[in-house]
Amino acid sequence: MFVTLVVTMAVVALLTSGLLLLEGQRAGRAEAERVTQAVAQTLAHAPDVRAALTGDGAAAARLQERAEEVMTQARVDFVTVMDAEGIRLTHRNPEEIGRLYIGTIPDRPTVLTEQFTGTLGPSLRTIVPVLSDGTVVGWVSVGVTVDTVAAALLPRLLAAVGIGAALVGAGVVGALLARRLTRRVAGDLPAGAIRDTLASAESMRTLGEALRAQTHEHGNRLHTAVALLELGRTDEAIEMLSTSARQSQSLVDRVAARSEGDATVGALLLGKTSQAAERGIELLVDVAADAPRSLLSPIDQVALVGNLLDNAVDAAAAGAEPRWVRVRLERTSGDELLIEVADSGRGIADDLRERIFQRGFSTKPTGAEGRGVGLALARSVVEELRGSLVLLDGTPTTFRVVLPTEAS
């Protein structure tokens with residue numbers, strides 16, 4: 001849990017930082033384009049620039065000085081003013097004045113923004129025509145180098161790294177808290193010991209419920225028999241008690257008939273029969289005589305079969321009549337133990353069925369007491385023994401378990 005939380009937050013931090021950097025790069029480039037366009041258009045419409053390009057000698061003498069002032073105030077890397085043929089009249093490097101402009105000059109009087117490599121290296125630049133009475137008398141080009149755009153990205157980079165670090169820190173803190181809470185509940189027990197504890201608790205619960213149901217059923221029948229005897233209806237009392245005994249003995253005989261009989265499973269099925277009957281559900285048990293005994297401990301056997309039966313009984317109870325649960329135990333061709341538990345409950349969609357099974361939740365709505373770990377515990381018990389637990393497609397809902405045995 002600790003590692004999962006930390007890794008998750010690290011991935012989230014990386015993705016967030018990457019998105020912030022991409023957005024910062026896009027925003028920095030867009031901002032540079034807006035600045036170059038605004039400055040170039042402002043200069044192209046300035047009266048002194050137009051006067052310098054139309055033959056005013058005094059204005060032309062101040063053009064370089066004016067360009068340097070704009071570069072300082074507007075924080076751009078170059079301001080190049082040129083005549084109609086593209087000959088530079090100003091430049092950041094005075095030695096370049098008088099030479100042809102390096103860049104794209106539009107064929108018609110229009111504004112153009114591009115990335116181009118000139119004397120100062122790669123730059124984002126905007127070129128704007130200077131018009132006098134509708135005629136192009138010159139051009140103004142304003143640019144920002146790519147290095148300047150990258151430098152402006154640094155604060156955004158630091159912010160992205162800071163946010164990423166904060167997310168990772170939050171993940172670490174959350175993982176530490178989760179670890180602390182887990183340790184408080186489980187101490188230093190490893191996962192296997194925790195599973196065994198859960199299996200023991202589930203087994204005690206399952207057997208307790210089964211014995212309570214069986215005791216309740218026997219008590220009801222005994223009270224009924226006593227009442228019949230008091231009414232003098234002796235034959236009916238004897239028949240009722242005999243029928244009950246025959247039904248219980250039939251199940252005991254079927255389980256005991258196994259060549260490798262398992263008293264734990266037999267006792268569980270006997271109790272679950274009474275528990276199902278309380279809820280108006282018929283528990284059908286089909287135990288093959290040659291069904292082998294699995295390598296599971298008694299506690300794990302009760303946890304596995306008991307949870308599958310509880311799940312099936314809940315499903316059948318929520319469905320329409322006739323309500324039934326079927327349990328089948330037999331030997332596979334590989335001398336393994338096959339356990340199938342099916343129910344008459346309403347079928348669920350294949351995609352929902354698969355999600356429920358994979359996540360280990362009950363296939364039925366949880367009540368106030370909850371039932372959230374049954375299938376997860378059953379699957380853990382089976383996987384530890386290197387068996388298999390699958391949910392068959394279609395209706396009725398059927399869980400199939402294959403467990404190794406001493407002979408397999």
# chains A, B, ... in the order shown; residues from 1 in each chain; ligands from 1

call {"tool": "residues_around", "arguments": {"residues": "Val172 of chain A", "least_positions_apart": "3", "cutoff": "9 Å", "atoms": "only C-alpha atoms", "output": "list in words"}}
result
Phe2, Val3, Leu5, Val6, Met9, Leu167, Val168, Gly169, Ala175, Leu176 and Leu177 of chain A

call {"tool": "select_by_dssp", "arguments": {"residues": "segment 110-176 of chain A", "states": "helix (DSSP H, G or I)", "output": "PyMOL selection string"}}
result
chain A and resi 146-152+154-176

call {"tool": "atom_distance", "arguments": {"atom1": "atom CA of Val12 of chain A", "atom2": "atom CA of Ala160 of chain A"}}
result
12.2 Å

call {"tool": "residues_around", "arguments": {"residues": "segment 314-324 of chain A", "least_positions_apart": "4", "cutoff": "6 Å", "atoms": "only C-alpha atoms", "output": "ChimeraX atom specification"}}
result
/A:281-283,343-346

call {"tool": "write_last_selection", "arguments": {"atoms": "all heavy atoms", "output": "JSON list (two decimals), in the first residue's frame"}}
result
[["chain", "number", "residue", "atom", "x", "y", "z"],
["A", 281, "ILE", "N", -34.87, -21.28, 0.94],
["A", 281, "ILE", "CA", -33.99, -21.68, -0.15],
["A", 281, "ILE", "C", -33.63, -23.15, 0.01],
["A", 281, "ILE", "O", -33.27, -23.59, 1.11],
["A", 281, "ILE", "CB", -32.70, -20.82, -0.17],
["A", 281, "ILE", "CG1", -33.05, -19.35, -0.37],
["A", 281, "ILE", "CG2", -31.75, -21.30, -1.25],
["A", 281, "ILE", "CD1", -31.91, -18.42, -0.11],
["A", 282, "GLU", "N", -33.70, -23.90, -1.07],
["A", 282, "GLU", "CA", -33.32, -25.32, -1.03],
["A", 282, "GLU", "C", -31.85, -25.46, -1.38],
["A", 282, "GLU", "O", -31.41, -24.99, -2.43],
["A", 282, "GLU", "CB", -34.17, -26.12, -2.02],
["A", 282, "GLU", "CG", -33.87, -27.60, -1.99],
["A", 282, "GLU", "CD", -34.69, -28.38, -3.00],
["A", 282, "GLU", "OE1", -35.35, -27.75, -3.85],
["A", 282, "GLU", "OE2", -34.64, -29.63, -2.95],
["A", 283, "LEU", "N", -31.12, -26.09, -0.48],
["A", 283, "LEU", "CA", -29.69, -26.32, -0.73],
["A", 283, "LEU", "C", -29.53, -27.73, -1.27],
["A", 283, "LEU", "O", -29.80, -28.72, -0.59],
["A", 283, "LEU", "CB", -28.88, -26.15, 0.57],
["A", 283, "LEU", "CG", -27.37, -26.38, 0.45],
["A", 283, "LEU", "CD1", -26.76, -25.43, -0.57],
["A", 283, "LEU", "CD2", -26.69, -26.21, 1.80],
["A", 343, "ASP", "N", -26.34, -20.71, -8.07],
["A", 343, "ASP", "CA", -27.55, -20.25, -7.40],
["A", 343, "ASP", "C", -28.59, -19.82, -8.42],
["A", 343, "ASP", "O", -28.29, -19.62, -9.60],
["A", 343, "ASP", "CB", -27.23, -19.09, -6.45],
["A", 343, "ASP", "CG", -26.69, -17.87, -7.17],
["A", 343, "ASP", "OD1", -27.48, -17.18, -7.83],
["A", 343, "ASP", "OD2", -25.47, -17.61, -7.08],
["A", 344, "SER", "N", -29.83, -19.71, -7.95],
["A", 344, "SER", "CA", -30.95, -19.34, -8.82],
["A", 344, "SER", "C", -31.18, -17.85, -8.87],
["A", 344, "SER", "O", -32.18, -17.39, -9.42],
["A", 344, "SER", "CB", -32.23, -20.00, -8.29],
["A", 344, "SER", "OG", -32.53, -19.53, -6.97],
["A", 345, "GLY", "N", -30.28, -17.08, -8.28],
["A", 345, "GLY", "CA", -30.45, -15.63, -8.24],
["A", 345, "GLY", "C", -30.43, -15.01, -9.61],
["A", 345, "GLY", "O", -30.04, -15.63, -10.61],
["A", 346, "ARG", "N", -30.85, -13.76, -9.67],
["A", 346, "ARG", "CA", -30.87, -13.05, -10.95],
["A", 346, "ARG", "C", -29.45, -12.93, -11.50],
["A", 346, "ARG", "O", -28.54, -12.54, -10.78],
["A", 346, "ARG", "CB", -31.46, -11.66, -10.75],
["A", 346, "ARG", "CG", -32.92, -11.69, -10.37],
["A", 346, "ARG", "CD", -33.39, -10.34, -9.91],
["A", 346, "ARG", "NE", -32.72, -9.98, -8.65],
["A", 346, "ARG", "CZ", -32.97, -8.86, -8.00],
["A", 346, "ARG", "NH1", -33.85, -8.00, -8.48],
["A", 346, "ARG", "NH2", -32.34, -8.58, -6.88]]

call {"tool": "closest_residue", "arguments": {"among": "A:Arg34, A:Arg386, A:Arg125, A:Arg326", "to": "Val79 of chain A", "atoms": "only C-alpha atoms"}}
result
A:Arg125

call {"tool": "atom_distance", "arguments": {"atom1": "atom CA of Asn93 of chain A", "atom2": "atom CA of Thr119 of chain A"}}
result
9.0 Å

call {"tool": "closest_residue", "arguments": {"among": "A:Arg233, A:Arg179, A:Asp300, A:Arg92", "to": "Glu383 of chain A", "atoms": "only C-alpha atoms"}}
result
A:Asp300

call {"tool": "closest_residue", "arguments": {"among": "A:Gly103, A:Leu268, A:Thr16, A:Pro190", "to": "Ala165 of chain A", "atoms": "only C-alpha atoms"}}
result
A:Thr16

call {"tool": "select_by_dssp", "arguments": {"residues": "segment 65-170 of chain A", "states": "strand (DSSP E or B)", "output": "ChimeraX atom specification"}}
result
/A:78-83,87-88,100,112-118,121-132,135-145

call {"tool": "residues_around", "arguments": {"residues": "Asp83 of chain A", "least_positions_apart": "3", "cutoff": "9 Å", "atoms": "only C-alpha atoms", "output": "list in words"}}
result
Leu53, Gly86, Ile87, Arg88, Leu89, Val130, Val136, Val137, Gly138, Trp139 and Val140 of chain A

call {"tool": "residues_around", "arguments": {"residues": "Ala60 of chain A", "least_positions_apart": "5", "cutoff": "10 Å", "atoms": "only C-alpha atoms", "output": "PyMOL selection string"}}
result
chain A and resi 48-55+65-66+89-90

call {"tool": "atom_distance", "arguments": {"atom1": "atom CA of Thr405 of chain A", "atom2": "atom CA of Ala376 of chain A"}}
result
22.2 Å

call {"tool": "residues_around", "arguments": {"residues": "Thr117 of chain A", "least_positions_apart": "5", "cutoff": "10 Å", "atoms": "only C-alpha atoms", "output": "PyMOL selection string"}}
result
chain A and resi 102-103+122-125+145-146

call {"tool": "write_last_selection", "arguments": {"atoms": "C-alpha atoms", "output": "CSV table (one decimal), in the first residue's frame"}}
result
chain,number,residue,atom,x,y,z
A,102,ILE,CA,17.9,38.3,-43.1
A,103,GLY,CA,14.3,37.0,-42.9
A,122,PRO,CA,16.9,31.6,-33.8
A,123,SER,CA,14.2,34.1,-33.0
A,124,LEU,CA,10.5,34.8,-33.1
A,125,ARG,CA,10.0,38.0,-35.1
A,145,THR,CA,15.4,35.2,-29.5
A,146,VAL,CA,14.5,31.7,-28.6
